[in-house]
Every structure is written in C-alpha cells, then in structure tokens.
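Q: Got model_12.tsv for you, TSV, C-alpha atoms:
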```tsv
chain	number	residue	atom	x	y	z
A	203	MET	CA	71.58	20.17	8.41
A	204	GLU	CA	67.77	20.12	8.31
A	205	VAL	CA	66.14	17.45	10.48
A	206	LEU	CA	62.71	16.60	9.09
A	207	PRO	CA	59.92	14.31	10.32
A	208	GLY	CA	61.13	10.72	10.31
A	209	SER	CA	64.78	11.60	10.92
A	210	LEU	CA	66.63	9.24	13.28
A	211	VAL	CA	69.49	10.98	15.08
A	212	TRP	CA	71.86	8.66	16.92
A	213	HIS	CA	73.57	10.49	19.80
A	214	GLY	CA	76.45	9.10	21.80
A	215	PRO	CA	78.49	10.45	24.73
A	216	GLY	CA	80.00	13.81	23.83
A	217	ASP	CA	77.65	14.51	20.93
A	218	HIS	CA	75.99	17.92	20.92
A	219	THR	CA	73.26	19.51	18.83
A	220	ILE	CA	72.30	23.12	18.30
A	221	GLY	CA	68.79	23.37	16.94
A	222	ARG	CA	66.01	25.77	16.17
A	223	SER	CA	62.48	25.37	14.87
A	224	GLU	CA	59.67	27.52	13.54
A	225	PHE	CA	57.57	29.26	16.20
A	226	ASP	CA	54.27	28.18	14.63
A	227	ASP	CA	55.50	24.63	13.91
A	228	PRO	CA	57.61	23.67	16.92
A	229	TYR	CA	60.08	20.82	16.90
A	230	ARG	CA	58.78	17.53	18.31
A	231	CYS	CA	60.65	14.28	18.84
A	232	LEU	CA	60.67	10.97	20.68
A	233	SER	CA	63.82	10.63	22.77
A	234	VAL	CA	64.96	7.10	23.65
A	235	ARG	CA	67.87	6.69	26.05
A	236	ILE	CA	69.57	3.30	26.18
A	237	ARG	CA	72.63	2.26	28.17
A	238	PHE	CA	75.02	-0.19	26.51
A	239	GLN	CA	77.26	-2.62	28.34
A	240	GLY	CA	80.79	-2.19	27.08
A	241	GLY	CA	80.24	1.32	25.75
A	242	PHE	CA	78.31	2.85	22.87
A	243	GLN	CA	79.22	2.26	19.27
A	244	ARG	CA	77.06	4.05	16.74
A	245	PRO	CA	75.68	1.29	14.51
A	246	PHE	CA	74.91	3.52	11.52
A	247	PRO	CA	75.51	7.06	10.24
A	248	ARG	CA	74.58	9.65	12.83
A	249	VAL	CA	71.48	10.70	10.90
A	250	THR	CA	69.26	8.26	9.04
A	251	LYS	CA	65.56	8.32	8.27
A	252	TRP	CA	62.40	6.29	8.74
A	253	GLU	CA	60.53	7.18	5.57
A	254	ASP	CA	57.07	5.76	6.36
A	255	LEU	CA	55.79	8.64	8.49
A	256	ASP	CA	52.50	6.94	9.31
A	257	ALA	CA	54.47	4.03	10.76
A	258	VAL	CA	56.62	6.54	12.68
A	259	ALA	CA	53.50	8.05	14.24
A	260	GLN	CA	52.12	4.63	15.22
A	261	PHE	CA	55.47	3.54	16.66
A	262	THR	CA	55.80	6.76	18.69
A	263	GLU	CA	52.26	6.53	20.02
A	264	GLN	CA	52.74	2.93	21.14
A	265	ALA	CA	56.15	3.66	22.69
A	266	VAL	CA	54.81	6.56	24.77
A	267	LYS	CA	51.76	4.56	25.84
A	268	LEU	CA	53.81	1.57	27.02
A	269	ALA	CA	56.38	3.80	28.73
A	270	TYR	CA	53.65	5.00	31.09
A	271	GLU	CA	52.33	1.49	31.76
A	272	GLU	CA	53.94	0.66	35.10
A	273	SER	CA	53.09	-3.03	34.72
A	274	PHE	CA	54.95	-3.33	31.41
A	275	ASP	CA	58.53	-4.65	31.50
A	276	SER	CA	60.77	-1.62	30.83
A	277	GLN	CA	63.69	-3.82	29.74
A	278	LEU	CA	61.50	-5.53	27.16
A	279	LEU	CA	60.30	-2.14	25.92
A	280	ALA	CA	63.86	-0.83	25.61
A	281	GLU	CA	64.92	-3.89	23.62
A	282	ARG	CA	61.87	-3.57	21.37
A	283	LEU	CA	62.48	0.13	20.70
A	284	PHE	CA	66.16	-0.31	19.99
A	285	ALA	CA	65.58	-3.28	17.69
A	286	GLU	CA	62.98	-1.39	15.65
A	287	LEU	CA	65.06	1.80	15.39
A	288	GLN	CA	68.17	-0.19	14.52
A	289	PHE	CA	66.30	-2.01	11.77
A	290	ARG	CA	64.86	1.21	10.33
A	291	ALA	CA	68.23	2.95	10.36
A	292	GLY	CA	69.90	-0.07	8.80
A	293	HIS	CA	67.27	-0.37	6.10
A	294	TYR	CA	67.62	3.31	5.23
A	295	ALA	CA	71.41	3.10	5.05
A	296	TRP	CA	71.13	0.01	2.85
A	297	ALA	CA	68.54	1.58	0.55
A	298	ALA	CA	70.49	4.85	0.31
A	299	GLY	CA	73.48	2.89	-0.87
A	300	ARG	CA	71.40	1.30	-3.63
A	301	ARG	CA	69.61	4.37	-4.90
A	302	ARG	CA	69.08	8.04	-4.21
A	303	ALA	CA	66.08	9.96	-5.44
A	304	PRO	CA	66.96	12.44	-8.22
A	305	GLU	CA	67.30	16.07	-7.17
A	306	PRO	CA	64.10	17.20	-8.98
A	307	LEU	CA	62.14	14.58	-7.05
A	308	LEU	CA	63.69	15.68	-3.76
A	309	LEU	CA	62.66	19.26	-4.51
A	310	ALA	CA	59.05	18.16	-5.00
A	311	GLN	CA	59.09	16.04	-1.84
A	312	GLN	CA	60.56	18.88	0.21
A	313	ALA	CA	57.88	21.24	-1.12
A	314	ILE	CA	55.18	18.82	0.05
A	315	GLU	CA	56.77	18.59	3.48
A	316	ARG	CA	57.18	22.36	3.78
A	317	ASP	CA	54.17	23.82	1.93
A	318	TYR	CA	51.44	21.23	2.51
A	319	ALA	CA	49.16	23.85	4.11
A	320	LYS	CA	49.26	26.02	1.00
A	321	SER	CA	47.15	25.62	-2.12
A	322	ILE	CA	49.70	23.64	-4.11
A	323	SER	CA	48.92	21.22	-6.91
A	324	VAL	CA	50.72	18.42	-8.70
A	325	GLU	CA	51.21	20.86	-11.57
A	326	ASP	CA	53.02	23.23	-9.17
A	327	LEU	CA	55.24	20.38	-7.99
A	328	ALA	CA	56.00	19.40	-11.58
A	329	LYS	CA	56.96	22.97	-12.45
A	330	LEU	CA	59.20	23.14	-9.38
A	331	SER	CA	60.93	19.91	-10.33
A	332	GLY	CA	61.28	20.85	-13.99
A	333	TRP	CA	59.52	17.66	-15.04
A	334	SER	CA	56.23	16.98	-16.78
A	335	VAL	CA	53.30	15.87	-14.63
A	336	PRO	CA	53.34	12.28	-16.02
A	337	HIS	CA	57.09	11.97	-15.42
A	338	LEU	CA	56.81	13.30	-11.87
A	339	HIS	CA	53.93	10.90	-11.22
A	340	ALA	CA	55.94	7.92	-12.50
A	341	GLU	CA	59.09	8.81	-10.56
A	342	PHE	CA	57.13	9.45	-7.35
A	343	ARG	CA	55.62	5.99	-7.60
A	344	ARG	CA	58.99	4.47	-8.36
A	345	TYR	CA	60.81	5.98	-5.38
A	346	TYR	CA	58.07	6.55	-2.80
A	347	GLY	CA	55.46	3.98	-3.73
A	348	LYS	CA	52.65	6.50	-4.13
A	349	PRO	CA	51.69	9.34	-6.52
A	350	PRO	CA	52.50	12.95	-5.54
A	351	HIS	CA	48.86	13.86	-4.89
A	352	GLN	CA	48.57	11.01	-2.38
A	353	ALA	CA	51.82	12.05	-0.73
A	354	LEU	CA	50.41	15.57	-0.31
A	355	ILE	CA	47.15	14.25	1.18
A	356	THR	CA	49.10	12.02	3.57
A	357	ARG	CA	51.22	14.98	4.75
A	358	ARG	CA	48.12	17.11	5.34
A	359	ILE	CA	46.40	14.36	7.30
A	360	ARG	CA	49.51	13.86	9.42
A	361	ALA	CA	49.42	17.55	10.33
A	362	ALA	CA	45.68	17.34	11.04
A	363	LYS	CA	46.20	14.40	13.40
A	364	VAL	CA	48.47	16.55	15.55
A	365	GLN	CA	45.85	19.29	15.82
A	366	LEU	CA	43.01	16.85	16.48
A	367	ALA	CA	44.91	15.20	19.31
A	368	ALA	CA	46.41	18.33	20.86
A	369	THR	CA	43.83	21.11	20.36
A	370	ASN	CA	40.12	21.80	20.49
A	371	ASN	CA	40.16	23.72	17.22
A	372	PRO	CA	37.01	23.23	15.11
A	373	ILE	CA	37.35	20.58	12.41
A	374	LYS	CA	36.59	23.16	9.72
A	375	GLN	CA	39.48	25.31	10.95
A	376	ILE	CA	41.85	22.34	11.06
A	377	ALA	CA	40.84	21.38	7.53
A	378	VAL	CA	41.69	24.80	6.13
A	379	GLU	CA	44.90	25.18	8.14
A	380	CYS	CA	46.13	21.82	6.87
A	381	GLY	CA	45.54	22.67	3.22
A	382	PHE	CA	42.13	21.13	2.50
A	383	SER	CA	39.48	23.05	0.59
A	384	GLY	CA	36.94	22.53	3.36
A	385	ALA	CA	35.63	20.24	6.09
A	386	SER	CA	33.86	17.88	3.68
A	387	ALA	CA	36.96	17.18	1.57
A	388	PHE	CA	39.02	16.81	4.74
A	389	CYS	CA	36.63	14.34	6.39
A	390	THR	CA	36.40	12.23	3.23
A	391	ALA	CA	40.18	12.05	2.81
A	392	PHE	CA	40.75	11.45	6.52
A	393	LYS	CA	38.31	8.54	6.74
A	394	ARG	CA	39.60	7.01	3.51
A	395	GLN	CA	43.13	6.96	4.88
A	396	THR	CA	42.54	6.18	8.58
A	397	GLY	CA	39.24	4.31	8.59
A	398	VAL	CA	37.58	6.73	11.02
A	399	ASN	CA	36.29	10.28	10.77
A	400	PRO	CA	38.20	13.16	12.42
A	401	ALA	CA	35.75	13.50	15.32
A	402	VAL	CA	36.15	9.84	16.28
A	403	PHE	CA	39.94	10.07	15.95
A	404	ARG	CA	39.97	13.12	18.24
A	405	GLN	CA	37.74	11.44	20.82
A	406	GLU	CA	39.90	8.30	20.90
A	407	ARG	CA	43.15	10.25	21.28
A	408	GLN	CA	41.81	12.59	23.95
A	409	LEU	CA	40.30	9.71	25.93
A	410	GLY	CA	43.62	7.90	25.71
A	411	ALA	CA	45.50	10.97	26.92
A	412	GLY	CA	43.12	11.33	29.85
```
Could you render the structure as structure tokens?
A:
Amino acid sequence: MEVLPGSLVWHGPGDHTIGRSEFDDPYRCLSVRIRFQGGFQRPFPRVTKWEDLDAVAQFTEQAVKLAYEESFDSQLLAERLFAELQFRAGHYAWAAGRRRAPEPLLLAQQAIERDYAKSISVEDLAKLSGWSVPHLHAEFRRYYGKPPHQALITRRIRAAKVQLAATNNPIKQIAVECGFSGASAFCTAFKRQTGVNPAVFRQERQLGAG
C-alpha cells in the first residue's frame, strides 16, 4: 500500500507498519497519540485521506506550534486534533462511498503527485489518462474542484514550501527543482496562491522556528 501526502493512518494497539521512502524525498508525518478511556475502537477504515493538502499543511503547522506552547492546555489540544482528524476521516469515508474517481483520472493525479518536478504538461497528463485535454479538464474540476494545471502548480508550491522552510537553497534553485521554468514564474505563482512572495514566506517560517 502506498501512503501519500494527506493519508490518515489510524493505528491501534498491536498494529504494525513496515515502511520505506525515497532517499531524496524522505517520509514525513505528524504523529498524534491519544489515550482512550475504555479502550481504542478504530472509528473508520485504517487508512483514509485528507484531500485538501494545503489545509493539511496549515493544520500540521498549527498543531506543532501549539504542542510546544507550554501555556496551552494539552487536553484541549488533544481534543481539537482528534475531532478534526475524525471529521476528515469520516468525510473521506462518506465521500468514497458516494463516488470514486475514474481510473484514468487517478492516473493523472498520481502523475502530478509523483512527477511534479519534471517538465510535464496537461497534454502529457491527458495522454497518460487516455482522455482528451477538455475531458480531463472537466473531470478534474468535477472530482477535485480545480483544473489539472492548477493542481500541478499547487503540488509544486507545496514542495517549494518545504524547501523554503527547511533549507537555505537559493530561490532560483528551489524554483527549478520544484518544476517551475524559473524564479520569475515561481514567484508569481507562489504569491498568487499564498499572498506573499517566497522570500517573505521563508523569513516568517524561519523566524517562527527560531
């Protein structure tokens, strides 16, 4: 089973996982441990997904920040985290029961997730899916709420955020490594989606970490 960004894995006593990740793209996760009175009962399937990856990043950032705030009520934080994760898992299970994206669409989505750093186009995604560009565009909007090009940009920016926060790599280098044609295109797309330019985002994250 492949665990991708946004996956929610519900572990209980006795559950074990054997995992591996790519050397140049190591596995990262937020681990939340909660004790239940009366024993643990898994509320949903063991693996569900939180599909809005920008919301996942914001949730994770806030959770980590509050976990290190000694003055913040840890019980309140635990209840907040569990409630949010429970809702997201429940919503995914409910939605999955109502509809599942067609296999050609899943192939295109997986290509975006895997090959975002490469020079791929919507035409490439359409060819991979076996659909025409207009049909892929329409189905992407129907199932994911955004066109494939925007999904690709969002994935690239998500990868860039990790580098901006965790490294001192030049912005031009980050742009190219995340699949943008250059620093100018990267900065324009980044500001359009986040409201700030990459340098400001980096400064805010590094100041927060310090």
Q: Measuring between all atoms listed in the file, which one of A:Glu253, A:Glu406, A:Glu224, A:Glu271 shows the shortest distance to A:Ala353?
A: A:Glu253
Q: As an exercise, work out the distance from atom CA of A:His351 to atom CA of A:Ser323 in Å and give it to one decimal place.
A: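 Result for atom CA of A:His351 versus atom CA of A:Ser323: 7.6 Å, one decimal.
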Q: Could you check the closest approach to A:Lys251 for each of A:Gln264, A:Thr369, A:Gln288, A:Ser233 and tell me which residue wins, using all atoms listed in the file?
A: A:Gln288
Q: Just give me the gap between atom CA of A:Arg290 and atom CA of A:Val266 in Å, one decimal is fine.
A: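 Separation between atom CA of A:Arg290 and atom CA of A:Val266: 18.4 Å.
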Q: Record the distance separating atom CA of A:Trp212 and atom CA of A:Val249, expressed in Å with one decimal.
A: 6.4 Å
Q: If you count only C-alpha atoms, which residues fall within 10 Å of A:Arg248, apart from same-chain ones fewer than 6 positions away, as a list in words?
A: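 Those residues are Leu210, Val211, Trp212, His213, Gly214, Asp217 and Ala291 of chain A.
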Q: Using only C-alpha atoms, which residue out of A:Val364, A:Asp326, A:Leu279, A:Arg235 lies closest to A:Lys267?
A: A:Leu279
Q: Please give the centre and size of the box around stretch 317-334 of chain A (axis-aligned, containing every atom listed in the file, 3 Å added per side), with values in Å to one decimal and written as JSON.
A:
```
{"center_x": 54.2, "center_y": 21.5, "center_z": -6.3, "size_x": 20.1, "size_y": 15.0, "size_z": 26.9}
```
Q: Could you tell me, as a list in words, which residues have any atom at most 9 Å from (42.4, 12.3, -1.8), counting all atoms listed in the file?
A: His351, Gln352, Leu354, Ile355, Thr356, Ala387, Phe388, Thr390, Ala391, Phe392, Arg394 and Gln395 of chain A
Q: What are the nearest atom pairs, with distances in Å to one decimal, for all residues of stretch 277-353 of chain A that come at most 8 Å from stretch 379-382 of chain A, using only C-alpha atoms, set out by chain and rising residue number as CSV?
A:
```
residue,atom,partner,partner_atom,distance
A:Tyr318,CA,A:Gly381,CA,6.1
A:Ala319,CA,A:Gly381,CA,3.9
A:Lys320,CA,A:Gly381,CA,5.5
A:Ser321,CA,A:Gly381,CA,6.3
```
Q: Take the residues just selected and output them with C-alpha atoms as a short mmCIF file (atom, residue, chain, number, x, y, z; two decimals), in the coordinates of the input.
A:
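As written to disk, part-v4.cif reads:
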```
data_model
loop_
_atom_site.label_atom_id
_atom_site.label_comp_id
_atom_site.auth_asym_id
_atom_site.auth_seq_id
_atom_site.Cartn_x
_atom_site.Cartn_y
_atom_site.Cartn_z
CA TYR A 318 51.44 21.23 2.51
CA ALA A 319 49.16 23.85 4.11
CA LYS A 320 49.26 26.02 1.00
CA SER A 321 47.15 25.62 -2.12
#
```
Q: At a cut-off of 10 Å, using only C-alpha atoms, what residues contact A:Pro336? Leave out same-chain residues fewer than 4 positions from it and give the result as a PDB file with C-alpha atoms, in the frame of the given file.
A:
```pdb
ATOM      1  CA  VAL A 324      50.720  18.420  -8.700  1.00  0.00           C
ATOM      2  CA  GLU A 325      51.210  20.860 -11.570  1.00  0.00           C
ATOM      3  CA  ALA A 328      56.000  19.400 -11.580  1.00  0.00           C
ATOM      4  CA  ALA A 340      55.940   7.920 -12.500  1.00  0.00           C
ATOM      5  CA  GLU A 341      59.090   8.810 -10.560  1.00  0.00           C
ATOM      6  CA  PHE A 342      57.130   9.450  -7.350  1.00  0.00           C
TER       7      PHE A 342
END
```
Q: For a quick check of understanding, using all atoms listed in the file, which of A:Gly397, A:Gly216, A:Gly384, A:Pro350 has the smallest distance to A:Pro372?
A: A:Gly384
Q: Which of these, A:Gln365, A:Ser383, A:Glu286, A:Gly208, has the shortest distance to A:Ile322 once you count all atoms listed in the file?
A: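 Of the candidates, the smallest distance to A:Ile322 is held by A:Ser383.
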Q: Looking at A:His218, A:Arg302, A:Arg282, A:Lys393, which one is nearest to A:Arg344, with distances taken over all atoms listed in the file?
A: A:Arg302
